[in-house]
Structures are given as structure tokens and as C-alpha cells.
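Reproduced below: input-v9.pdb, with PDB, C-alpha atoms, pLDDT in the B column.
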MODEL        1
ATOM      1  CA  MET A 653      95.544 -75.611-131.702  1.00 54.00           C
ATOM      2  CA  VAL A 654      95.099 -77.389-128.369  1.00 49.00           C
ATOM      3  CA  LEU A 655      97.984 -75.424-126.842  1.00 51.00           C
ATOM      4  CA  ARG A 656      96.468 -72.177-128.056  1.00 57.00           C
ATOM      5  CA  HIS A 657      93.126 -73.107-126.498  1.00 52.00           C
ATOM      6  CA  ILE A 658      94.821 -73.943-123.189  1.00 51.00           C
ATOM      7  CA  LEU A 659      96.715 -70.639-123.159  1.00 53.00           C
ATOM      8  CA  LEU A 660      93.674 -68.534-124.059  1.00 61.00           C
ATOM      9  CA  TRP A 661      91.090 -70.264-121.849  1.00 61.00           C
ATOM     10  CA  PRO A 662      92.075 -68.502-118.579  1.00 62.00           C
ATOM     11  CA  TRP A 663      91.364 -65.151-120.232  1.00 78.00           C
ATOM     12  CA  ARG A 664      88.093 -66.174-121.899  1.00 84.00           C
ATOM     13  CA  GLY A 665      86.016 -64.334-119.309  1.00 83.00           C
ATOM     14  CA  LEU A 666      87.962 -61.138-119.990  1.00 87.00           C
ATOM     15  CA  PHE A 667      87.445 -61.478-123.758  1.00 89.00           C
ATOM     16  CA  ILE A 668      83.714 -62.138-123.330  1.00 90.00           C
ATOM     17  CA  SER A 669      83.278 -59.132-121.042  1.00 90.00           C
ATOM     18  CA  VAL A 670      84.950 -56.814-123.569  1.00 89.00           C
ATOM     19  CA  ARG A 671      82.785 -58.260-126.348  1.00 91.00           C
ATOM     20  CA  ASP A 672      79.613 -57.748-124.286  1.00 90.00           C
ATOM     21  CA  PHE A 673      80.564 -54.138-123.594  1.00 90.00           C
ATOM     22  CA  LEU A 674      81.249 -53.356-127.267  1.00 88.00           C
ATOM     23  CA  ASP A 675      78.180 -55.277-128.460  1.00 87.00           C
ATOM     24  CA  GLY A 676      76.035 -53.413-125.968  1.00 86.00           C
ATOM     25  CA  LEU A 677      77.245 -49.995-127.054  1.00 84.00           C
ATOM     26  CA  GLN A 678      76.892 -50.876-130.718  1.00 83.00           C
ATOM     27  CA  TYR A 679      73.391 -52.288-130.310  1.00 82.00           C
ATOM     28  CA  LEU A 680      72.098 -49.381-128.228  1.00 82.00           C
ATOM     29  CA  ILE A 681      73.396 -46.850-130.751  1.00 77.00           C
ATOM     30  CA  THR A 682      72.835 -48.587-134.099  1.00 72.00           C
ATOM     31  CA  SER A 683      69.286 -49.560-133.110  1.00 59.00           C
ATOM     32  CA  ARG A 684      68.455 -45.892-133.765  1.00 54.00           C
ATOM     33  CA  ASP A 685      69.981 -45.750-137.248  1.00 52.00           C
ATOM     34  CA  ASN A 686      66.658 -45.157-138.980  1.00 50.00           C
ATOM     35  CA  LEU A 687      65.563 -42.356-136.670  1.00 47.00           C
ATOM     36  CA  PRO A 688      66.058 -38.620-137.393  1.00 50.00           C
ATOM     37  CA  ASN A 689      68.581 -36.502-135.458  1.00 50.00           C
ATOM     38  CA  ARG A 690      70.933 -39.465-135.055  1.00 51.00           C
ATOM     39  CA  ARG A 691      73.711 -37.463-133.388  1.00 51.00           C
ATOM     40  CA  GLY A 692      71.406 -36.059-130.754  1.00 51.00           C
ATOM     41  CA  LEU A 693      70.032 -39.511-130.016  1.00 59.00           C
ATOM     42  CA  ASP A 694      73.542 -40.961-129.718  1.00 73.00           C
ATOM     43  CA  PHE A 695      74.378 -38.288-127.145  1.00 79.00           C
ATOM     44  CA  LEU A 696      71.235 -39.053-125.173  1.00 84.00           C
ATOM     45  CA  VAL A 697      72.057 -42.761-125.169  1.00 84.00           C
ATOM     46  CA  LEU A 698      75.571 -42.108-123.855  1.00 86.00           C
ATOM     47  CA  LEU A 699      74.203 -39.644-121.296  1.00 89.00           C
ATOM     48  CA  GLN A 700      71.726 -42.228-120.008  1.00 90.00           C
ATOM     49  CA  ILE A 701      74.487 -44.826-119.760  1.00 90.00           C
ATOM     50  CA  PHE A 702      76.628 -42.382-117.779  1.00 93.00           C
ATOM     51  CA  ILE A 703      73.751 -41.481-115.430  1.00 94.00           C
ATOM     52  CA  GLY A 704      73.039 -45.190-114.910  1.00 93.00           C
ATOM     53  CA  MET A 705      76.677 -45.760-113.981  1.00 94.00           C
ATOM     54  CA  ILE A 706      76.735 -42.870-111.492  1.00 95.00           C
ATOM     55  CA  VAL A 707      73.513 -43.900-109.734  1.00 94.00           C
ATOM     56  CA  SER A 708      74.540 -47.560-109.678  1.00 94.00           C
ATOM     57  CA  TRP A 709      77.976 -46.728-108.270  1.00 95.00           C
ATOM     58  CA  TRP A 710      76.476 -44.590-105.495  1.00 94.00           C
ATOM     59  CA  ILE A 711      74.239 -47.475-104.430  1.00 94.00           C
ATOM     60  CA  TYR A 712      76.783 -50.225-105.088  1.00 95.00           C
ATOM     61  CA  VAL A 713      79.608 -48.885-102.905  1.00 95.00           C
ATOM     62  CA  PRO A 714      77.876 -49.220 -99.492  1.00 94.00           C
ATOM     63  CA  VAL A 715      76.250 -52.522-100.526  1.00 96.00           C
ATOM     64  CA  HIS A 716      79.668 -53.799-101.612  1.00 96.00           C
ATOM     65  CA  GLU A 717      81.250 -52.919 -98.275  1.00 95.00           C
ATOM     66  CA  LEU A 718      78.390 -54.391 -96.256  1.00 96.00           C
ATOM     67  CA  LEU A 719      78.757 -57.638 -98.206  1.00 97.00           C
ATOM     68  CA  HIS A 720      82.449 -57.730 -97.232  1.00 96.00           C
ATOM     69  CA  ALA A 721      81.343 -57.524 -93.606  1.00 95.00           C
ATOM     70  CA  ALA A 722      78.620 -60.135 -94.131  1.00 96.00           C
ATOM     71  CA  GLY A 723      81.069 -62.497 -95.826  1.00 96.00           C
ATOM     72  CA  CYS A 724      83.406 -62.220 -92.860  1.00 96.00           C
ATOM     73  CA  MET A 725      80.718 -62.877 -90.268  1.00 95.00           C
ATOM     74  CA  ILE A 726      79.078 -65.734 -92.197  1.00 96.00           C
ATOM     75  CA  THR A 727      82.372 -67.637 -92.302  1.00 95.00           C
ATOM     76  CA  GLY A 728      83.060 -67.184 -88.605  1.00 94.00           C
ATOM     77  CA  GLY A 729      85.092 -63.980 -88.652  1.00 95.00           C
ATOM     78  CA  THR A 730      84.625 -60.802 -86.641  1.00 95.00           C
ATOM     79  CA  VAL A 731      84.106 -57.340 -88.108  1.00 95.00           C
ATOM     80  CA  ILE A 732      85.764 -54.580 -86.094  1.00 94.00           C
ATOM     81  CA  GLN A 733      85.665 -51.501 -88.303  1.00 94.00           C
ATOM     82  CA  LEU A 734      84.165 -50.687 -91.687  1.00 94.00           C
ATOM     83  CA  ASN A 735      84.735 -47.202 -93.101  1.00 95.00           C
ATOM     84  CA  ILE A 736      82.205 -45.663 -95.503  1.00 94.00           C
ATOM     85  CA  ALA A 737      82.493 -42.117 -96.845  1.00 92.00           C
ATOM     86  CA  PRO A 738      79.728 -39.661 -95.837  1.00 91.00           C
ATOM     87  CA  HIS A 739      78.447 -39.136 -99.403  1.00 90.00           C
ATOM     88  CA  TYR A 740      77.843 -42.882 -99.699  1.00 91.00           C
ATOM     89  CA  GLY A 741      75.582 -42.910 -96.670  1.00 91.00           C
ATOM     90  CA  GLY A 742      78.272 -43.398 -94.043  1.00 89.00           C
ATOM     91  CA  HIS A 743      76.512 -41.291 -91.377  1.00 91.00           C
ATOM     92  CA  LEU A 744      73.183 -43.090 -91.815  1.00 92.00           C
ATOM     93  CA  LEU A 745      74.685 -46.569 -91.904  1.00 92.00           C
ATOM     94  CA  ALA A 746      76.783 -45.824 -88.794  1.00 91.00           C
ATOM     95  CA  ARG A 747      73.537 -45.414 -86.848  1.00 92.00           C
ATOM     96  CA  ILE A 748      72.433 -48.898 -87.910  1.00 92.00           C
ATOM     97  CA  PHE A 749      75.665 -50.894 -87.756  1.00 93.00           C
ATOM     98  CA  PRO A 750      77.938 -50.353 -84.728  1.00 93.00           C
ATOM     99  CA  PHE A 751      81.100 -51.363 -86.628  1.00 93.00           C
ATOM    100  CA  ILE A 752      80.693 -48.678 -89.319  1.00 92.00           C
ATOM    101  CA  GLN A 753      82.650 -45.445 -89.065  1.00 92.00           C
ATOM    102  CA  THR A 754      82.440 -42.453 -91.363  1.00 91.00           C
ATOM    103  CA  GLY A 755      85.495 -41.321 -93.285  1.00 81.00           C
ATOM    104  CA  GLY A 756      88.758 -42.847 -94.431  1.00 77.00           C
ATOM    105  CA  ASP A 757      90.849 -42.502 -97.570  1.00 80.00           C
ATOM    106  CA  TYR A 758      88.524 -44.667 -99.675  1.00 85.00           C
ATOM    107  CA  ALA A 759      84.852 -44.573-100.652  1.00 87.00           C
ATOM    108  CA  GLY A 760      84.536 -47.632 -98.452  1.00 89.00           C
ATOM    109  CA  ARG A 761      86.962 -50.050 -96.861  1.00 92.00           C
ATOM    110  CA  LEU A 762      86.878 -52.902 -94.359  1.00 92.00           C
ATOM    111  CA  VAL A 763      89.837 -51.803 -92.261  1.00 91.00           C
ATOM    112  CA  GLY A 764      89.399 -54.012 -89.205  1.00 91.00           C
ATOM    113  CA  PHE A 765      88.376 -57.648 -89.173  1.00 93.00           C
ATOM    114  CA  GLU A 766      89.518 -60.966 -87.683  1.00 94.00           C
ATOM    115  CA  THR A 767      89.421 -64.284 -89.520  1.00 92.00           C
ATOM    116  CA  GLY A 768      90.819 -66.480 -86.755  1.00 90.00           C
ATOM    117  CA  GLY A 769      93.750 -67.339 -88.990  1.00 88.00           C
ATOM    118  CA  SER A 770      91.484 -68.922 -91.621  1.00 93.00           C
ATOM    119  CA  ASP A 771      92.449 -68.113 -95.198  1.00 93.00           C
ATOM    120  CA  LEU A 772      89.098 -69.503 -96.364  1.00 95.00           C
ATOM    121  CA  CYS A 773      87.320 -66.961 -94.183  1.00 96.00           C
ATOM    122  CA  TYR A 774      89.646 -64.234 -95.474  1.00 96.00           C
ATOM    123  CA  LEU A 775      89.103 -65.263 -99.091  1.00 96.00           C
ATOM    124  CA  PHE A 776      85.314 -65.319 -98.795  1.00 96.00           C
ATOM    125  CA  THR A 777      85.343 -61.985 -96.960  1.00 96.00           C
ATOM    126  CA  VAL A 778      87.091 -60.425 -99.952  1.00 96.00           C
ATOM    127  CA  PHE A 779      85.003 -62.256-102.565  1.00 97.00           C
ATOM    128  CA  ALA A 780      81.520 -61.895-101.032  1.00 97.00           C
ATOM    129  CA  PRO A 781      80.488 -58.647-102.817  1.00 97.00           C
ATOM    130  CA  TYR A 782      81.209 -60.207-106.198  1.00 97.00           C
ATOM    131  CA  LEU A 783      78.432 -62.731-105.697  1.00 96.00           C
ATOM    132  CA  LEU A 784      76.314 -59.919-107.159  1.00 95.00           C
ATOM    133  CA  THR A 785      78.379 -60.088-110.337  1.00 95.00           C
ATOM    134  CA  LEU A 786      78.264 -63.862-110.398  1.00 94.00           C
ATOM    135  CA  ILE A 787      74.489 -64.077-109.921  1.00 94.00           C
ATOM    136  CA  MET A 788      73.205 -61.126-111.935  1.00 92.00           C
ATOM    137  CA  GLY A 789      76.071 -59.352-113.724  1.00 91.00           C
ATOM    138  CA  ALA A 790      75.787 -60.863-117.211  1.00 91.00           C
ATOM    139  CA  MET A 791      72.002 -61.108-116.990  1.00 91.00           C
ATOM    140  CA  LEU A 792      71.618 -57.427-116.124  1.00 90.00           C
ATOM    141  CA  LEU A 793      74.097 -56.281-118.756  1.00 90.00           C
ATOM    142  CA  ARG A 794      72.850 -58.401-121.646  1.00 89.00           C
ATOM    143  CA  SER A 795      69.149 -57.912-120.968  1.00 88.00           C
ATOM    144  CA  SER A 796      69.651 -54.135-120.783  1.00 86.00           C
ATOM    145  CA  PHE A 797      70.990 -53.755-124.308  1.00 78.00           C
ATOM    146  CA  SER A 798      68.789 -56.441-125.848  1.00 73.00           C
ATOM    147  CA  ARG A 799      65.778 -54.497-124.537  1.00 76.00           C
ATOM    148  CA  ARG A 800      67.354 -51.131-125.389  1.00 82.00           C
ATOM    149  CA  TYR A 801      67.566 -49.706-121.847  1.00 87.00           C
ATOM    150  CA  PRO A 802      70.643 -47.430-121.761  1.00 89.00           C
ATOM    151  CA  LEU A 803      70.119 -46.499-118.097  1.00 90.00           C
ATOM    152  CA  LEU A 804      70.048 -50.150-117.107  1.00 91.00           C
ATOM    153  CA  PHE A 805      73.085 -50.821-119.286  1.00 92.00           C
ATOM    154  CA  GLY A 806      75.023 -48.176-117.354  1.00 92.00           C
ATOM    155  CA  ALA A 807      73.949 -49.712-114.049  1.00 92.00           C
ATOM    156  CA  GLY A 808      74.809 -53.172-115.359  1.00 93.00           C
ATOM    157  CA  LEU A 809      78.322 -52.082-116.282  1.00 94.00           C
ATOM    158  CA  ILE A 810      79.108 -51.332-112.636  1.00 95.00           C
ATOM    159  CA  ILE A 811      77.798 -54.649-111.328  1.00 95.00           C
ATOM    160  CA  ALA A 812      79.047 -56.839-114.189  1.00 95.00           C
ATOM    161  CA  PHE A 813      82.492 -55.255-114.413  1.00 95.00           C
ATOM    162  CA  ALA A 814      83.068 -54.762-110.674  1.00 96.00           C
ATOM    163  CA  PRO A 815      85.721 -57.540-110.667  1.00 96.00           C
ATOM    164  CA  PHE A 816      87.715 -55.760-113.374  1.00 95.00           C
ATOM    165  CA  ILE A 817      87.330 -52.402-111.622  1.00 94.00           C
ATOM    166  CA  SER A 818      88.804 -54.055-108.522  1.00 95.00           C
ATOM    167  CA  VAL A 819      91.618 -55.955-110.220  1.00 95.00           C
ATOM    168  CA  THR A 820      94.241 -53.873-108.381  1.00 94.00           C
ATOM    169  CA  GLY A 821      92.236 -54.059-105.165  1.00 94.00           C
ATOM    170  CA  ASP A 822      90.089 -56.950-103.977  1.00 96.00           C
ATOM    171  CA  TYR A 823      91.067 -59.283-106.807  1.00 97.00           C
ATOM    172  CA  TYR A 824      94.754 -58.623-106.271  1.00 96.00           C
ATOM    173  CA  GLU A 825      94.106 -59.419-102.614  1.00 96.00           C
ATOM    174  CA  MET A 826      92.427 -62.717-103.532  1.00 97.00           C
ATOM    175  CA  GLY A 827      95.337 -63.608-105.798  1.00 96.00           C
ATOM    176  CA  SER A 828      97.832 -62.677-103.104  1.00 95.00           C
ATOM    177  CA  ILE A 829      96.061 -64.820-100.488  1.00 95.00           C
ATOM    178  CA  LEU A 830      96.459 -67.877-102.699  1.00 94.00           C
ATOM    179  CA  ILE A 831      99.988 -67.088-103.885  1.00 92.00           C
ATOM    180  CA  THR A 832     101.322 -66.247-100.414  1.00 90.00           C
ATOM    181  CA  ARG A 833      99.784 -69.445 -99.096  1.00 89.00           C
ATOM    182  CA  VAL A 834     101.880 -71.394-101.586  1.00 87.00           C
ATOM    183  CA  MET A 835     104.987 -69.272-100.973  1.00 83.00           C
ATOM    184  CA  GLY A 836     104.598 -69.695 -97.220  1.00 80.00           C
ATOM    185  CA  SER A 837     104.728 -73.460 -97.580  1.00 81.00           C
ATOM    186  CA  LEU A 838     107.843 -73.242 -99.751  1.00 78.00           C
ATOM    187  CA  PHE A 839     109.691 -70.505 -97.838  1.00 74.00           C
ATOM    188  CA  PRO A 840     108.219 -70.419 -94.322  1.00 73.00           C
ATOM    189  CA  SER A 841     110.849 -68.066 -92.939  1.00 68.00           C
ATOM    190  CA  SER A 842     109.724 -65.062 -95.029  1.00 69.00           C
ATOM    191  CA  PRO A 843     106.822 -62.750 -94.002  1.00 74.00           C
ATOM    192  CA  TRP A 844     104.748 -63.469 -97.118  1.00 79.00           C
ATOM    193  CA  GLU A 845     101.498 -62.351 -95.511  1.00 84.00           C
ATOM    194  CA  ALA A 846     102.842 -58.803 -95.629  1.00 84.00           C
ATOM    195  CA  PHE A 847     102.271 -58.927 -99.397  1.00 87.00           C
ATOM    196  CA  ARG A 848      98.528 -59.342 -98.959  1.00 90.00           C
ATOM    197  CA  SER A 849      96.792 -56.064 -99.691  1.00 91.00           C
ATOM    198  CA  ASP A 850      93.545 -54.652-101.047  1.00 91.00           C
ATOM    199  CA  ASP A 851      95.502 -51.906-102.817  1.00 92.00           C
ATOM    200  CA  VAL A 852      98.490 -53.008-104.864  1.00 93.00           C
ATOM    201  CA  PHE A 853      99.657 -49.414-105.355  1.00 92.00           C
ATOM    202  CA  ARG A 854      99.708 -48.779-101.605  1.00 92.00           C
ATOM    203  CA  LEU A 855     101.557 -52.076-101.197  1.00 91.00           C
ATOM    204  CA  LEU A 856     104.224 -51.018-103.706  1.00 89.00           C
ATOM    205  CA  GLN A 857     104.586 -47.686-101.942  1.00 89.00           C
ATOM    206  CA  GLY A 858     105.052 -49.479 -98.623  1.00 87.00           C
ATOM    207  CA  ILE A 859     107.734 -51.719-100.149  1.00 85.00           C
ATOM    208  CA  VAL A 860     109.626 -48.696-101.470  1.00 83.00           C
ATOM    209  CA  ASN A 861     109.389 -46.864 -98.135  1.00 86.00           C
ATOM    210  CA  ASP A 862     110.239 -49.825 -95.886  1.00 83.00           C
ATOM    211  CA  PRO A 863     111.682 -52.848 -97.751  1.00 81.00           C
ATOM    212  CA  ALA A 864     112.924 -54.361 -94.478  1.00 79.00           C
ATOM    213  CA  ALA A 865     109.322 -54.963 -93.380  1.00 76.00           C
ATOM    214  CA  PHE A 866     108.997 -57.300 -96.359  1.00 77.00           C
ATOM    215  CA  ASN A 867     112.311 -59.066 -95.742  1.00 73.00           C
ATOM    216  CA  MET A 868     113.648 -57.740 -99.018  1.00 73.00           C
ATOM    217  CA  TYR A 869     117.373 -58.118 -98.460  1.00 74.00           C
ATOM    218  CA  GLY A 870     119.450 -58.797-101.526  1.00 72.00           C
ATOM    219  CA  SER A 871     118.655 -59.027-105.210  1.00 76.00           C
ATOM    220  CA  LEU A 872     117.223 -62.541-105.038  1.00 77.00           C
ATOM    221  CA  ALA A 873     114.663 -61.567-102.415  1.00 73.00           C
ATOM    222  CA  LYS A 874     113.597 -58.542-104.466  1.00 76.00           C
ATOM    223  CA  VAL A 875     113.181 -60.562-107.648  1.00 82.00           C
ATOM    224  CA  ARG A 876     111.230 -63.212-105.763  1.00 79.00           C
ATOM    225  CA  ALA A 877     108.944 -60.587-104.237  1.00 81.00           C
ATOM    226  CA  LEU A 878     108.398 -58.899-107.602  1.00 84.00           C
ATOM    227  CA  MET A 879     107.521 -62.215-109.224  1.00 87.00           C
ATOM    228  CA  MET A 880     105.075 -62.956-106.430  1.00 87.00           C
ATOM    229  CA  ILE A 881     103.325 -59.594-106.840  1.00 90.00           C
ATOM    230  CA  VAL A 882     103.081 -60.084-110.611  1.00 92.00           C
ATOM    231  CA  ALA A 883     101.769 -63.611-110.119  1.00 93.00           C
ATOM    232  CA  SER A 884      99.193 -62.370-107.580  1.00 94.00           C
ATOM    233  CA  PHE A 885      98.015 -59.684-110.000  1.00 94.00           C
ATOM    234  CA  ALA A 886      97.805 -62.155-112.917  1.00 93.00           C
ATOM    235  CA  LEU A 887      95.879 -64.633-110.775  1.00 94.00           C
ATOM    236  CA  GLY A 888      93.542 -61.851-109.638  1.00 95.00           C
ATOM    237  CA  LEU A 889      92.881 -60.862-113.256  1.00 93.00           C
ATOM    238  CA  PHE A 890      92.156 -64.499-114.092  1.00 92.00           C
ATOM    239  CA  LEU A 891      89.747 -64.761-111.145  1.00 94.00           C
ATOM    240  CA  ALA A 892      88.001 -61.562-112.281  1.00 94.00           C
ATOM    241  CA  GLY A 893      87.480 -63.032-115.736  1.00 92.00           C
ATOM    242  CA  LEU A 894      86.377 -66.317-114.193  1.00 92.00           C
ATOM    243  CA  THR A 895      83.750 -64.498-112.116  1.00 95.00           C
ATOM    244  CA  TYR A 896      82.262 -62.897-115.220  1.00 94.00           C
ATOM    245  CA  LEU A 897      82.480 -66.171-117.135  1.00 92.00           C
ATOM    246  CA  GLY A 898      80.620 -67.861-114.286  1.00 93.00           C
ATOM    247  CA  SER A 899      77.909 -65.205-114.543  1.00 93.00           C
ATOM    248  CA  VAL A 900      77.569 -65.853-118.279  1.00 92.00           C
ATOM    249  CA  ASN A 901      77.319 -69.610-117.700  1.00 90.00           C
ATOM    250  CA  LEU A 902      74.640 -69.137-115.026  1.00 91.00           C
ATOM    251  CA  LEU A 903      72.669 -66.969-117.443  1.00 89.00           C
ATOM    252  CA  ASN A 904      72.946 -69.619-120.161  1.00 88.00           C
ATOM    253  CA  CYS A 905      71.777 -72.333-117.746  1.00 87.00           C
ATOM    254  CA  PHE A 906      68.798 -70.197-116.731  1.00 81.00           C
ATOM    255  CA  ARG A 907      67.814 -69.619-120.353  1.00 77.00           C
ATOM    256  CA  GLN A 908      68.107 -73.322-121.188  1.00 76.00           C
ATOM    257  CA  LYS A 909      65.808 -74.258-118.300  1.00 70.00           C
ATOM    258  CA  LYS A 910      63.228 -71.761-119.531  1.00 61.00           C
TER     259      LYS A 910
ENDMDL
END
When written as C-alpha cells, how does the structure in this file appear?
Amino acid sequence: MVLRHILLWPWRGLFISVRDFLDGLQYLITSRDNLPNRRGLDFLVLLQIFIGMIVSWWIYVPVHELLHAAGCMITGGTVIQLNIAPHYGGHLLARIFPFIQTGGDYAGRLVGFETGGSDLCYLFTVFAPYLLTLIMGAMLLRSSFSRRYPLLFGAGLIIAFAPFISVTGDYYEMGSILITRVMGSLFPSSPWEAFRSDDVFRLLQGIVNDPAAFNMYGSLAKVRALMMIVASFALGLFLAGLTYLGSVNLLNCFRQKK
């Protein structure tokens, strides 16, 4: 029993987030059981959730990227270039912030920044946007379905589940920062920092196209690199769940004080 608890605890945040999502959907829909035209009402609820998600995403993307930049500067780093797509306000924001450029392959991406060699600065730069999830994710999500606000529930899904949306991006990068730090101390001759990436799929493509850049010579090196990528992804998923779990615990503390 103790072993089972130890094995399941790292994924508790993930389990709770799935439960909150399903509970929210069920509550928003079944709360209208006694009303006429149930099917039409169910559609309207789902439509409101979808609209809430779209509007929240459109606002969240530029805020998310600006928080990356803020996290870097707060911890002593320097922001060189932040790309934001035009339909997320890139043109307007470029007039306000000199380091913002419009365009790129992503909705938004911090493509140029200096941390002065500090992994703590790097880690906080990547994590900074998820302070929104930590502070208000669970509160926004749970209050929206307890008060029967489908639009707010849709908006809350984006903020609360942002860590899970980014599990192959920012959270993989956080995991890879920590894992490569350990690997660098064990095998200092290998270029482990090359495995740090905010897009694990782009990283895998780069490995396939140019394995020499990752010092992948021989079967042992390939297995070691694969294990490191898997470990970084698993750690990132754990950190995503931990972020949501932290948000739930903050909400519980707030309610107890009230």
C-alpha cells in the first residue's frame, strides 16, 4: 500500500486535473437535467465552453510570452528577441516593447535571450508564465463550474491546463534543464545542453537530421540520449502535474482561511 502511494503520488496532480475537467463538464451539463430542450441546452453549454477557450487562448498567448520575457529579466537575464504572431497582437506589442518582432513559426516564442550561464535564470524564464496556473488555475476552473459559468469554464481550461498543453514544449524544456544538469556532472565531455529545447518534436527532428551535433556516435550514446529525452519528458509531465496540484493546494488554503 505504501509502495503504491509512493508510485502514484508524482502523478496525483495529473489525476486531479482530469477529475476536475470531467466533474466540471458533468456538473455544467447535468445541472440542466430538469429543464426542457435538454439537447439544445447541452449544445449551448459546449458552445460557450468552446468560445471561452478561444477568447482565453487569444489573450493568453501574448501574456504568456511576455511573462517569459519578464521572468528572464527579473532573474538577471537579457531578452533579445520575442516573436509574436500578428493575429495575437504582434504588431501592436512591437510598438511598445523593442524586443518584440512579428512573425515566426509559432504563435509566440522567446527566440533570443541570455541567462549569463545561470540555469536558475533559465528555469524561471521558462516557468514564469505558469505562475498564472499556480495562482489562479484551480480557483478559476472550480469556481466556474460550481457557479455554472460555461464561458468561464472554457477560459479556465486554458489557464489551468496550460502546463499539460505545454508538456512537449516548456515543460519538456524544464525537465531537460534539470536532467542535462545532472548528466553534465556525470558525463562532462558530452554536449548535453544541446538536448534542451522548447519543442521536443523539433529536437527529435534535429537529432535525426544531424546526430553528430548531439555527439551520438555508437549504440550506447544513442540509448543514453534516448533515455535522457524520455526522462526529461517524464520529469516535465510530473512538474506539470505538480503545478496544478500546487494550484489546488493554494485554493484549499485560501478557503480554509476564509
Q: Have a look at CA of Gly858 in chain A and CA of Gly756 in chain A and let me know their distance in Å, one decimal.
A: 18.1 Å
Box in all listed atoms of range 842-852 of chain A, axis-aligned, with 4 Å more on each side; write out centre and edge lengths in Å to one decimal as lines of an AutoDock Vina configuration file.
center_x = 101.6
center_y = -58.5
center_z = -99.4
size_x = 24.2
size_y = 21.2
size_z = 18.9
Q) Of the candidates A:Phe866, A:Phe695, A:Tyr758, A:Tyr679, which one gets nearest to Arg799 in chain A if we count all atoms listed in the file? A) A:Tyr679
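Residues with any atom within 8 Å of Gly755 in chain A, counting only C-alpha atoms and excluding same-chain neighbours fewer than 5 positions away, are Asn735, Ile736, Ala737, Pro738 and Gly742 of chain A.
Taking only C-alpha atoms into account, Leu894 in chain A lies nearest to A:Phe816 out of the set A:Ser796, A:Glu717, A:Asp757, A:Phe816.
Distances here use only C-alpha atoms; by that measure, the residue among A:Tyr712, A:Leu696, A:His720, A:Trp663 closest to Leu887 in chain A is A:Trp663.
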Q: Using only C-alpha atoms, determine which residues lie at most 12 Å from Ser770 in chain A, disregarding the query and same-chain residues fewer than 2 positions distant; provide the list as a list in words.
A: Cys724, Thr727, Gly728, Gly729, Thr730, Phe765, Glu766, Thr767, Gly768, Leu772, Cys773, Tyr774, Leu775, Phe776, Thr777, Ile829 and Arg833 of chain A
Q) Out of A:Ala812, A:Leu666, A:Val875, A:Met880, which residue has the shortest atom-to-atom distance to Met835 in chain A when counting all atoms listed in the file? A) A:Met880
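Near Asp672 in chain A, within 8 Å and counting all atoms listed in the file, sit A:Ile668, A:Gly676, A:Leu793, A:Arg794; same-chain residues fewer than 4 positions away were not included.
Using all atoms listed in the file, the shortest contact distance between Thr785 in chain A and any of A:Arg907, A:Gly764, A:Ala864, A:Thr895 is found at A:Thr895.
Of the listed residues (A:Asn901, A:Thr820, A:Ser795, A:Thr754), A:Thr820 comes nearest to Phe885 in chain A; the distances count all atoms listed in the file.
Run against this file, the PyMOL selection byres ((chain A and resi 787) around 12) gives back Ala780, Pro781, Tyr782, Leu783, Leu784, Thr785, Leu786, Met788, Gly789, Ala790, Met791, Leu792, Leu793, Ile811, Ala812, Thr895, Tyr896, Leu897, Gly898, Ser899, Val900, Asn901, Leu902, Leu903, Asn904, Cys905 and Phe906 of chain A.
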Q | Selection: 10 Å around Pro750 in chain A, all atoms listed in the file, excl. self and same-chain fewer than 6 positions, as an MDAnalysis selection string | A | chainID A and resid 731:734
(Q) Between CA of Glu845 in chain A and CA of Phe813 in chain A, what distance in Å does the model show, to one decimal? (A) 27.7 Å
